[in-house]
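*Asks:* Got a structure here, written out as C-alpha cells. Questions coming.
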Amino acid sequence: MQGSRRLERTRTRAPARLLPARLALAGGLLFLASCGGPQPSIAVSLAGDVLQVIRGGQATVEVTLTRLGGASADVTLEVTGLPDEVQAALSPAVLAGDVLTSTLTFSADAAADEGVHILTVSATGTGLAAEAQLVLEVESFAVTGRLNGILGAPMSDVILASQGDTTVTDEDGSFRLAGLSLPYDVTAWIAASQQVHVYRGLTEGEVELSSFVLTASSPSRSATINGSVTGGSVPVGANQVIRVCAEGLDGYALDCLEITPGNSSFSFSVSWQGKPERTVRLHALEIETDPGGEVVGYPGYGSVEVELTDGETVNLSEPIDLGSALDTEEVELTVVAPETPSLTVAAVQVGPNMALTVMRDDTGATDFSLVMPVIPGAGYVFASGDLFDQAAWVAGATGGSVTVTVPELPTLTEPADLATDVTTATEFTVANTGGGAVTWTWEELGVYRAALTTTATTVTIPDTSELGITLPAGHTLQWRVVASGGDGVEPGAHWDGDVFSLVLLYALGASQGFDEDGYFAISAQRSFTTAP
C-alpha cells in the first residue's frame, strides 16, 4: 500500500523541467479558444504537374479544392502565365458548396509556338487564397503512316506533304511527317503522271492511307514455304479442308492454300512488295462440313512464325500442331440491305492482319445460323453487300446475334451531268445519308486523276497547280464519290483497301480483315467538261 501511494504521487507531480512546455501548450489552447478554433483555409491541387497540348488541339487536367478549418466561401479559379495563342477554360470557374473539382481545358491554336511554360492556377475567396503550379508543354504533332494501292501493295517513291513538311514513301510505303498542328491535311502526288490525292482533316498519329488514283508500286518479292501439319484430323478426312494462310507481321503479305482430304503437307509461295525481308505468321485452320456444305466443326487450329527472304525457300523443321478440336458457338447473322446482297461472308480474325473465311454465300440470303470457332483472342468478322456498289461489315463480334446493315448509295447533286465550263472554283455537292467520310474522284484516264477525302459534302477540285498538276482545259472528265462512314476522315482514307480486303475474304478465303465496323457506298458516275 505504501508503495502504491508513492507511485500515485509520482504520476501526479510534474517534474520542474516539463512546466514551461505545459504552460506554453495551455497558452496555445487558450489562444485557439479565444479565436474560435482553427482558421478557415483552402488548398488547391492538380491531377498532374506536367501537361502536353498539341498545336491545334486540346488537353485537360482536373483541379481539386480542399477546404480546411470550416472554410465555406465561394472560391474563384484562375490561370495565369499563359503563352500567346493558348487559351484556358475552367468548368466550373467558381467552386461553391460541395463542388470541389473543376476541369481545366487548354486549347492551343494551330499557330502556337512550341515551348515549355510555367503556369499558376490560383484559387481565391473571401479571406481565402491558394495556388498550384503546372508545367504546360506546347508541342507540334507528328504522324507516321503507310500509303498503299488498291490491291494492298505499298507505294514507294510517292511525295507527301503537310503544313510545309515534305517526305517520300519508302519501299514499304511508310512515311513520317512532323511539325504539324491539328487537324492536318496530307497531299500525295505523282507529278509525272498527273495524279494527286488529298486527305483533308486528319487527326490520328498513325494512319493508313490508300488510293486507287495513284499508280506507284514497290519491288515485288516472294519466298516459298514447305511444311506439314499434325494433330487435328490429319491426314485430312472427307468433308474436311485445312486452310493455311500467311499473315504479314511487319508489312503486307497474304497468300493461302488448302490441304485437301488425304494429305498433311503443303508447299506454297508467299508474295509481298517492299523490303526483301518479311516476317509472317502461318495460320492453319481445319474446317469440317456436312454433305451439304454447311460448317459443323473445326477439328484443329495452329500457327507458327516464319522469317522470309526474297527468293529463298523455308522448310519448316516441325509440323504445325493443330491440337484438338475447337469449341464452337452459334451466331445468328442478319443482313439488312436496300438491295439483295450478292455475297455474304463470315470469318474469324486470328491476327491483326489475318481473317480466315469460314462461310461464303452468294444466294442472296439475309438470315444465317452459323457455327463459329472459339480461338483465344480472336473475334469474328461478318460482311455483306455488293462489291461493285455497296457493302458493310461488323468487326470484333464475339457471338450471339449480329446485324450487318448495308447503307444507301450517296447521290450526286451538283453540277448536273454533262456540265460545261467546270474549273477548280466550281462547287461539287453530294447527298450522303450515312454521314462521315467521303472520297471524291475526278479523272480522265491517262490524262489526269485527282481525289479528295474529306467529311465535307460540298467541295471544289483541289487546285494543285503549284505541284505541277493542273486541271486540263477543254477536257471531259468523270466524277463520283465513295461514302465510307465513320466519325472522321480516317475511315475514308483507306476505303479502297477495305474493298480489297472484302474481295479477298470472298475469293481467296482470307484477308487482312478489319479493325472496326465500316462500309462503303459508291455513287453513280457523272461527266463534265472543263473550261477551255
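By order in the C-alpha cells, chains are A, B, ...; within a chain, residues start at 1; ligands start at 1, following the order shown.
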List as a PDB file with N, CA and C atoms, in the first residue's frame the protein and nucleic acid residues near Ala129 (chain A), meaning an atom at most 10 Å away when only C-alpha atoms are counted, but skip any in the same chain fewer than 4 places from it.

*Replies:*
```pdb
ATOM      1  N   SER A  41      -9.209  27.891 -44.183  1.00  0.00           N
ATOM      2  CA  SER A  41      -8.190  27.981 -45.234  1.00  0.00           C
ATOM      3  C   SER A  41      -8.541  27.003 -46.342  1.00  0.00           C
ATOM      4  N   ILE A  42      -7.835  27.101 -47.461  1.00  0.00           N
ATOM      5  CA  ILE A  42      -8.055  26.210 -48.602  1.00  0.00           C
ATOM      6  C   ILE A  42      -6.717  25.771 -49.174  1.00  0.00           C
ATOM      7  N   ALA A  43      -6.749  24.676 -49.907  1.00  0.00           N
ATOM      8  CA  ALA A  43      -5.597  24.200 -50.678  1.00  0.00           C
ATOM      9  C   ALA A  43      -6.106  23.782 -52.050  1.00  0.00           C
ATOM     10  N   VAL A  44      -5.290  23.960 -53.081  1.00  0.00           N
ATOM     11  CA  VAL A  44      -5.664  23.571 -54.431  1.00  0.00           C
ATOM     12  C   VAL A  44      -4.588  22.650 -54.991  1.00  0.00           C
ATOM     13  N   VAL A  75     -15.187  29.940 -54.082  1.00  0.00           N
ATOM     14  CA  VAL A  75     -13.787  30.075 -54.499  1.00  0.00           C
ATOM     15  C   VAL A  75     -13.724  30.223 -56.016  1.00  0.00           C
ATOM     16  N   THR A  76     -13.031  31.250 -56.472  1.00  0.00           N
ATOM     17  CA  THR A  76     -12.876  31.506 -57.902  1.00  0.00           C
ATOM     18  C   THR A  76     -11.510  31.005 -58.360  1.00  0.00           C
ATOM     19  N   SER A 122      -4.633  29.629 -59.518  1.00  0.00           N
ATOM     20  CA  SER A 122      -4.916  30.250 -58.227  1.00  0.00           C
ATOM     21  C   SER A 122      -6.380  30.091 -57.862  1.00  0.00           C
ATOM     22  N   ALA A 123      -6.621  30.002 -56.563  1.00  0.00           N
ATOM     23  CA  ALA A 123      -7.977  29.892 -56.018  1.00  0.00           C
ATOM     24  C   ALA A 123      -8.136  30.971 -54.967  1.00  0.00           C
ATOM     25  N   THR A 124      -9.166  31.821 -55.105  1.00  0.00           N
ATOM     26  CA  THR A 124      -9.370  32.916 -54.163  1.00  0.00           C
ATOM     27  C   THR A 124     -10.834  32.993 -53.765  1.00  0.00           C
ATOM     28  N   GLY A 125     -11.041  33.350 -52.508  1.00  0.00           N
ATOM     29  CA  GLY A 125     -12.372  33.582 -51.968  1.00  0.00           C
ATOM     30  C   GLY A 125     -12.267  34.588 -50.842  1.00  0.00           C
TER      31      GLY A 125
END
```

*Asks:* Within 7 Å of Gly400 (chain A), counting only C-alpha atoms, which residues show up once you throw out same-chain ones fewer than 2 positions away? Write them as a ChimeraX atom specification, please.

*Replies:* /A:330-332,402

*Asks:* Give me the residues within 12 Å of Val229 (chain A) as a PyMOL selection string, counting only C-alpha atoms and dropping any in the same chain fewer than 4 places off.

*Replies:* chain A and resi 233-236+242-244+258-259+263-267+282-286+300-304+316-323

*Asks:* CA of Ser210 (chain A) to CA of Trp495 (chain A): how many Å, to one decimal?

*Replies:*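 Atom-to-atom, CA of Ser210 (chain A) and CA of Trp495 (chain A) are spaced 7.4 Å apart.
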
*Asks:* Looking at A:Gly385, A:Ala325, A:Leu308, A:Gly513, which one is nearest to Gln349 (chain A), with distances taken over only C-alpha atoms?

*Replies:*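 The closest residue to Gln349 (chain A) is A:Gly513.
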
*Asks:* For Thr144 (chain A), please output as a PyMOL selection string all residues within 6 Å (counting only C-alpha atoms; exclusion window: fewer than 6 positions along the same chain).

*Replies:* chain A and resi 175-176+206

*Asks:* Let's have the selection written as a PDB file, in the first residue's frame, with N, CA, C and O atoms.

*Replies:*
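Output file again-v6.pdb follows:
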```
ATOM      1  N   PHE A 175       5.930   6.432 -94.242  1.00  0.00           N
ATOM      2  CA  PHE A 175       6.304   7.839 -94.260  1.00  0.00           C
ATOM      3  C   PHE A 175       6.151   8.436 -92.867  1.00  0.00           C
ATOM      4  O   PHE A 175       5.492   7.861 -91.990  1.00  0.00           O
ATOM      5  N   ARG A 176       6.758   9.603 -92.669  1.00  0.00           N
ATOM      6  CA  ARG A 176       6.623  10.365 -91.436  1.00  0.00           C
ATOM      7  C   ARG A 176       6.604  11.840 -91.766  1.00  0.00           C
ATOM      8  O   ARG A 176       7.423  12.327 -92.547  1.00  0.00           O
ATOM      9  N   GLU A 206      -1.178   7.786 -86.193  1.00  0.00           N
ATOM     10  CA  GLU A 206      -0.800   6.684 -87.076  1.00  0.00           C
ATOM     11  C   GLU A 206      -1.932   6.490 -88.063  1.00  0.00           C
ATOM     12  O   GLU A 206      -3.073   6.278 -87.658  1.00  0.00           O
TER      13      GLU A 206
END
```

*Asks:* Any idea what's packed within 7 Å of Val348 (chain A), counting only C-alpha atoms, ignoring anything in its chain fewer than 6 positions away? Could you give it as a ChimeraX atom specification?

*Replies:* /A:355-357,378-381

*Asks:* Could you list, with a cut-off of 12 Å and counting only C-alpha atoms, the residues of region 200-244 of chain A near region 480-487 of chain A, each shown with its nearest atom pair and the distance in Å rounded to one decimal, rows sorted by chain and ascending number, as CSV?

*Replies:*
```
residue,atom,partner,partner_atom,distance
A:Gly201,CA,A:Asp487,CA,11.5
A:Leu202,CA,A:Asp487,CA,11.1
A:Thr203,CA,A:Asp487,CA,11.1
A:Phe212,CA,A:Val482,CA,12.0
```

*Asks:* Mind checking which residues fall within 7 Å of Glu444 (chain A), counting only C-alpha atoms, ignoring those fewer than 4 positions away in the same chain, and posting them as a PyMOL selection string?

*Replies:* chain A and resi 448-449+477-478

*Asks:* Using only C-alpha atoms for the distances, tell me which of A:Thr60, A:Ser220, A:Thr403, A:Thr439 is nearest to Ile522 (chain A).

*Replies:*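 Closest residue, counting only C-alpha atoms: A:Thr439.
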
*Asks:* To one decimal in Å, tell me the separation between CA of Gln512 (chain A) and CA of Pro373 (chain A).

*Replies:*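 Between CA of Gln512 (chain A) and CA of Pro373 (chain A) the gap is 18.2 Å.
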
*Asks:* Show me, as a PyMOL selection string, the residues that have an atom within 9 Å of Val196 (chain A) when counting only C-alpha atoms, minus same-chain residues fewer than 4 positions from it.

*Replies:* chain A and resi 187-191+213-214+448-452+464+469

*Asks:* In region 325-503 of chain A, what's alpha helix (DSSP H) per DSSP? Answer as JSON, numbers by chain?

*Replies:* {"A": [490, 491, 492, 493, 495, 496, 497, 498, 499, 500, 501, 502, 503]}

*Asks:* Would you mind exporting all heavy atoms of the selected residues as an mmCIF file, in the first residue's frame?

*Replies:*
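Saved result, part07.cif, follows:
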```
data_model
loop_
_atom_site.group_PDB
_atom_site.id
_atom_site.type_symbol
_atom_site.label_atom_id
_atom_site.label_comp_id
_atom_site.auth_asym_id
_atom_site.auth_seq_id
_atom_site.Cartn_x
_atom_site.Cartn_y
_atom_site.Cartn_z
ATOM 1 N N GLU A 490 -10.444 9.433 -91.305
ATOM 2 C CA GLU A 490 -9.614 8.235 -91.392
ATOM 3 C C GLU A 490 -10.302 7.034 -92.048
ATOM 4 O O GLU A 490 -9.663 6.347 -92.872
ATOM 5 C CB GLU A 490 -9.091 7.854 -90.003
ATOM 6 C CG GLU A 490 -7.888 8.660 -89.556
ATOM 7 C CD GLU A 490 -8.221 10.065 -89.099
ATOM 8 O OE1 GLU A 490 -9.433 10.383 -88.986
ATOM 9 O OE2 GLU A 490 -7.305 10.861 -88.853
ATOM 10 N N PRO A 491 -11.578 6.719 -91.749
ATOM 11 C CA PRO A 491 -12.194 5.574 -92.445
ATOM 12 C C PRO A 491 -12.209 5.731 -93.966
ATOM 13 O O PRO A 491 -12.074 4.749 -94.698
ATOM 14 C CB PRO A 491 -13.617 5.535 -91.870
ATOM 15 C CG PRO A 491 -13.478 6.157 -90.519
ATOM 16 C CD PRO A 491 -12.464 7.242 -90.694
ATOM 17 N N GLY A 492 -12.377 6.960 -94.438
ATOM 18 C CA GLY A 492 -12.365 7.186 -95.877
ATOM 19 C C GLY A 492 -10.978 7.162 -96.466
ATOM 20 O O GLY A 492 -10.813 6.997 -97.680
ATOM 21 N N ALA A 493 -9.957 7.310 -95.619
ATOM 22 C CA ALA A 493 -8.590 7.338 -96.113
ATOM 23 C C ALA A 493 -8.102 5.977 -96.566
ATOM 24 O O ALA A 493 -7.085 5.874 -97.247
ATOM 25 C CB ALA A 493 -7.655 7.893 -95.037
ATOM 26 N N TRP A 495 -10.626 3.355 -97.608
ATOM 27 C CA TRP A 495 -11.808 2.601 -98.005
ATOM 28 C C TRP A 495 -11.493 1.608 -99.119
ATOM 29 O O TRP A 495 -12.034 0.494 -99.131
ATOM 30 C CB TRP A 495 -12.931 3.542 -98.449
ATOM 31 C CG TRP A 495 -12.717 4.148 -99.811
ATOM 32 C CD1 TRP A 495 -12.148 5.338 -100.096
ATOM 33 C CD2 TRP A 495 -13.056 3.553 -101.076
ATOM 34 N NE1 TRP A 495 -12.089 5.544 -101.455
ATOM 35 C CE2 TRP A 495 -12.652 4.466 -102.082
ATOM 36 C CE3 TRP A 495 -13.656 2.366 -101.458
ATOM 37 C CZ2 TRP A 495 -12.819 4.224 -103.437
ATOM 38 C CZ3 TRP A 495 -13.833 2.115 -102.823
ATOM 39 C CH2 TRP A 495 -13.421 3.030 -103.790
ATOM 40 N N ASP A 496 -10.624 1.992 -100.079
ATOM 41 C CA ASP A 496 -10.343 1.079 -101.188
ATOM 42 C C ASP A 496 -9.537 -0.126 -100.710
ATOM 43 O O ASP A 496 -9.654 -1.223 -101.254
ATOM 44 C CB ASP A 496 -9.632 1.788 -102.345
ATOM 45 C CG ASP A 496 -8.679 2.864 -101.899
ATOM 46 O OD1 ASP A 496 -8.441 2.978 -100.687
ATOM 47 O OD2 ASP A 496 -8.160 3.594 -102.747
ATOM 48 N N GLY A 497 -8.728 0.048 -99.665
ATOM 49 C CA GLY A 497 -8.079 -1.103 -99.054
ATOM 50 C C GLY A 497 -9.081 -2.030 -98.404
ATOM 51 O O GLY A 497 -8.937 -3.260 -98.438
ATOM 52 N N ASP A 498 -10.145 -1.455 -97.809
ATOM 53 C CA ASP A 498 -11.210 -2.273 -97.219
ATOM 54 C C ASP A 498 -11.944 -3.069 -98.288
ATOM 55 O O ASP A 498 -12.315 -4.234 -98.073
ATOM 56 C CB ASP A 498 -12.195 -1.384 -96.458
ATOM 57 C CG ASP A 498 -11.589 -0.764 -95.207
ATOM 58 O OD1 ASP A 498 -10.641 -1.364 -94.666
ATOM 59 O OD2 ASP A 498 -12.062 0.302 -94.791
ATOM 60 N N VAL A 499 -12.172 -2.449 -99.445
ATOM 61 C CA VAL A 499 -12.823 -3.165 -100.548
ATOM 62 C C VAL A 499 -11.977 -4.362 -100.968
ATOM 63 O O VAL A 499 -12.497 -5.471 -101.165
ATOM 64 C CB VAL A 499 -13.061 -2.229 -101.749
ATOM 65 C CG1 VAL A 499 -13.589 -3.026 -102.944
ATOM 66 C CG2 VAL A 499 -14.047 -1.137 -101.376
ATOM 67 N N PHE A 500 -10.684 -4.149 -101.092
ATOM 68 C CA PHE A 500 -9.794 -5.243 -101.476
ATOM 69 C C PHE A 500 -9.822 -6.346 -100.421
ATOM 70 O O PHE A 500 -9.822 -7.538 -100.753
ATOM 71 C CB PHE A 500 -8.375 -4.695 -101.649
ATOM 72 C CG PHE A 500 -7.363 -5.733 -102.030
ATOM 73 C CD1 PHE A 500 -7.514 -6.489 -103.176
ATOM 74 C CD2 PHE A 500 -6.245 -5.952 -101.244
ATOM 75 C CE1 PHE A 500 -6.574 -7.458 -103.537
ATOM 76 C CE2 PHE A 500 -5.300 -6.903 -101.593
ATOM 77 C CZ PHE A 500 -5.461 -7.656 -102.738
ATOM 78 N N SER A 501 -9.856 -5.975 -99.151
ATOM 79 C CA SER A 501 -9.913 -6.968 -98.087
ATOM 80 C C SER A 501 -11.186 -7.799 -98.180
ATOM 81 O O SER A 501 -11.175 -9.021 -97.979
ATOM 82 C CB SER A 501 -9.832 -6.279 -96.724
ATOM 83 O OG SER A 501 -9.719 -7.212 -95.675
ATOM 84 N N LEU A 502 -12.290 -7.145 -98.504
ATOM 85 C CA LEU A 502 -13.550 -7.866 -98.649
ATOM 86 C C LEU A 502 -13.525 -8.800 -99.860
ATOM 87 O O LEU A 502 -14.012 -9.938 -99.802
ATOM 88 C CB LEU A 502 -14.701 -6.864 -98.779
ATOM 89 C CG LEU A 502 -16.113 -7.443 -98.849
ATOM 90 C CD1 LEU A 502 -16.396 -8.343 -97.658
ATOM 91 C CD2 LEU A 502 -17.143 -6.317 -98.922
ATOM 92 N N VAL A 503 -12.932 -8.346 -100.959
ATOM 93 C CA VAL A 503 -12.800 -9.194 -102.153
ATOM 94 C C VAL A 503 -12.015 -10.461 -101.823
ATOM 95 O O VAL A 503 -12.394 -11.577 -102.197
ATOM 96 C CB VAL A 503 -12.123 -8.421 -103.297
ATOM 97 C CG1 VAL A 503 -11.753 -9.362 -104.442
ATOM 98 C CG2 VAL A 503 -13.035 -7.315 -103.805
#
```

*Asks:* Check the DSSP output for the backbone and give back, as a list in words, the residues of region 445-524 of chain A in strand (DSSP E).

*Replies:* Tyr448, Arg449, Ala450, Ala451, Leu452, Thr453, Thr454, Thr458, Val459, Thr476, Leu477, Gln478, Trp479, Arg480, Val481, Val482, Ala483, Ser484, Gly485, Ala510, Ser511, Gly518, Tyr519, Phe520, Ala521 and Ile522 of chain A

*Asks:* Have a look at A:Gly488, A:Gly434, A:Gly205, A:Gly237 and name the one nearest to Thr453 (chain A); count only C-alpha atoms.

*Replies:*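 Using only C-alpha atoms, the shortest distance to Thr453 (chain A) belongs to A:Gly488.
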
*Asks:* Which residue is closest to Ala347 (chain A)? Choose from A:Phe388, A:Phe382, A:Trp393, A:Tyr252 and count only C-alpha atoms.

*Replies:* A:Phe382
